[in-house]
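K.L.:
Here it is, the structure in full.
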Amino acid sequence: MTLDDIEVRVLGSLIEKELTTPEYYPLSLNSLTNACNQKSNRDPVMALSEEEVVRALDSLRFKQLAVLSADGGRVPKYRHLLAEKMGLIPAEQAIICELLVRGPQTLGELRTRGERMHPFGDLAAVDEVLQELMQRDKPLISLLPRLPGRKEGRYAQLFSGMPDVTVEEQRTAPEAARVRVAAENDRIARLEAEVTTLRNEMADLRQLVDAFKKQFE
């Protein structure tokens, strides 16, 4: 199967929230849309509508990669089926998730960024997971050709096919100051996203409480 860009973002966001905030998982449509559009830990940043997310969810459900949760409640919630379908352990889910939400990355980047979802003792631990995912009968990731001027190769997920590296070959390295600014913006955006998630979950809880009260009116 081949996923489009929106399906990749929706699937990656579902995996991420299961690993980072399991207390708020599965996700309502509103929470999932916000997760897809958050500015931290995303490349590229998207501005998806709920309708676009619904279409992607329907496609993922057809492909048996997502499902409407059976947990009950008045607010429909969604969860992914990737781990069950592909037989993935948490470490493998964390690596695949990073590649889904941020695109191709080096071994070092995957270790640093993947720590928020699963602890990796060292680079060797990450490499072991990468090798396992590449050596499957149907590989889930691939090592891309090293770009000119880069010391390391990058790994990419194959759910959306082999990525086109020609565009990235034309990019120049950003200035050090720009990297620092981007890191600060990323930190602020992450905090804003966490506040938004909490507000959305509070709204969902209020709906449940109101529905419960109406049973006794």
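Labels for the structure tokens follow display order: chains A, B, ..., residues from 1 in each chain, ligands from 1.
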Near Glu201 in chain A, within 8 Å and counting only C-alpha atoms, which residues show up once chain neighbours fewer than 3 positions away are dropped, as a list in words?

P.N.:
Tyr24, Ser31, Thr197, Leu198, Asp204 and Leu205 of chain A

K.L.:
For Ala156 in chain A, list every protein, DNA or RNA residue within 12 Å, evaluated using only C-alpha atoms, and leave out those in the same chain fewer than 4 positions away; present the list as a VMD selection string.

P.N.:
chain A and resid 95 to 107 110 130 133 to 134 139 to 145 160 to 165

K.L.:
Rounded to one decimal place, report the CA of Arg111 in chain A-CA of Ala125 in chain A distance in Å.

P.N.:
8.7 Å

K.L.:
If you run DSSP on the backbone, which residues of range 35-190 of chain A are alpha helix (DSSP H), as a PyMOL selection string?

P.N.:
chain A and resi 35-37+50-62+82-86+90-102+107-114+123-134+166-169+176-190

K.L.:
Just the strand (DSSP E) stuff from range 39-200 of chain A, please, per backbone DSSP, written as a ChimeraX atom specification.

P.N.:
/A:66-68,77-80,141-143,155-157

K.L.:
Between CA of Glu50 in chain A and CA of Asn30 in chain A, what is the spacing in Å?

P.N.:
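Here the two named atoms are 7.2 Å from each other.
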
K.L.:
Which neighbours of range 36-48 of chain A fall inside 9 Å, counting only C-alpha atoms, when residues of the same chain fewer than 4 positions from it are skipped, and could you give them as a list in words?

P.N.:
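Near range 36-48 of chain A, the qualifying residues are Ile6, Arg9, Val10, Gly12, Ser13, Leu14, Ser31, Leu32, Glu52, Val53, Glu98, Val101, Arg102, Gly103, Arg113, Asn185, Asp186, Arg187, Ile188, Ala189, Arg190, Leu191, Glu192 and Ala193 of chain A.
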
K.L.:
Deliver the residues from the most recent selection as a file, using C-alpha atoms, as an mmCIF file, in the first residue's frame.

P.N.:
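What ended up in again.cif:
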data_model
loop_
_atom_site.group_PDB
_atom_site.id
_atom_site.type_symbol
_atom_site.label_atom_id
_atom_site.label_comp_id
_atom_site.auth_asym_id
_atom_site.auth_seq_id
_atom_site.Cartn_x
_atom_site.Cartn_y
_atom_site.Cartn_z
ATOM 1 C CA ILE A 6 -1.947 13.562 4.726
ATOM 2 C CA ARG A 9 0.808 12.780 8.897
ATOM 3 C CA VAL A 10 -2.378 11.349 10.450
ATOM 4 C CA GLY A 12 2.352 9.450 12.488
ATOM 5 C CA SER A 13 0.377 11.726 14.806
ATOM 6 C CA LEU A 14 -1.674 8.828 16.151
ATOM 7 C CA SER A 31 -7.294 16.524 19.034
ATOM 8 C CA LEU A 32 -5.992 14.558 16.067
ATOM 9 C CA GLU A 52 -9.064 16.420 5.233
ATOM 10 C CA VAL A 53 -8.247 14.467 8.381
ATOM 11 C CA GLU A 98 9.751 10.101 13.717
ATOM 12 C CA VAL A 101 6.120 13.160 11.098
ATOM 13 C CA ARG A 102 9.516 14.701 10.251
ATOM 14 C CA GLY A 103 10.740 12.991 7.104
ATOM 15 C CA ARG A 113 14.327 12.988 18.670
ATOM 16 C CA ASN A 185 10.624 28.583 18.033
ATOM 17 C CA ASP A 186 10.306 24.812 18.255
ATOM 18 C CA ARG A 187 10.390 24.943 22.060
ATOM 19 C CA ILE A 188 7.708 27.650 22.188
ATOM 20 C CA ALA A 189 5.538 25.851 19.650
ATOM 21 C CA ARG A 190 5.811 22.638 21.654
ATOM 22 C CA LEU A 191 4.577 24.382 24.793
ATOM 23 C CA GLU A 192 1.706 25.974 22.864
ATOM 24 C CA ALA A 193 0.749 22.602 21.410
#

K.L.:
Excluding same-chain residues fewer than 4 positions from range 89-92 of chain A, what lies within 10 Å of it counting only C-alpha atoms, as a count of residues only?

P.N.:
19

K.L.:
What is the CA of Glu109 in chain A-CA of Arg154 in chain A distance in Å, reported with one decimal?

P.N.:
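Separating CA of Glu109 in chain A from CA of Arg154 in chain A is a distance of 9.2 Å.
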
K.L.:
Determine, counting only C-alpha atoms, which protein, DNA and RNA residues have an atom within 12 Å of an atom of Lys85 in chain A; residues of the same chain fewer than 5 positions away are not included. Present the result as a list in words.

P.N.:
Lys63, Gln64, Leu65, Ala66, Val67, His80 and Gln93 of chain A

K.L.:
Pick from A:Leu11, A:Val195, A:Leu123, A:Ala56: nearest to Leu82 in chain A, with only C-alpha atoms counted?

P.N.:
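Comparing A:Leu11, A:Val195, A:Leu123, A:Ala56 against Leu82 in chain A, the winner is A:Leu11.
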
K.L.:
Counting only C-alpha atoms, which of A:Thr2, A:Asp58, A:Asp137, A:Glu194 gets nearest to Thr20 in chain A?

P.N.:
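Checking each of A:Thr2, A:Asp58, A:Asp137, A:Glu194 against Thr20 in chain A, counting only C-alpha atoms, the winner is A:Glu194.
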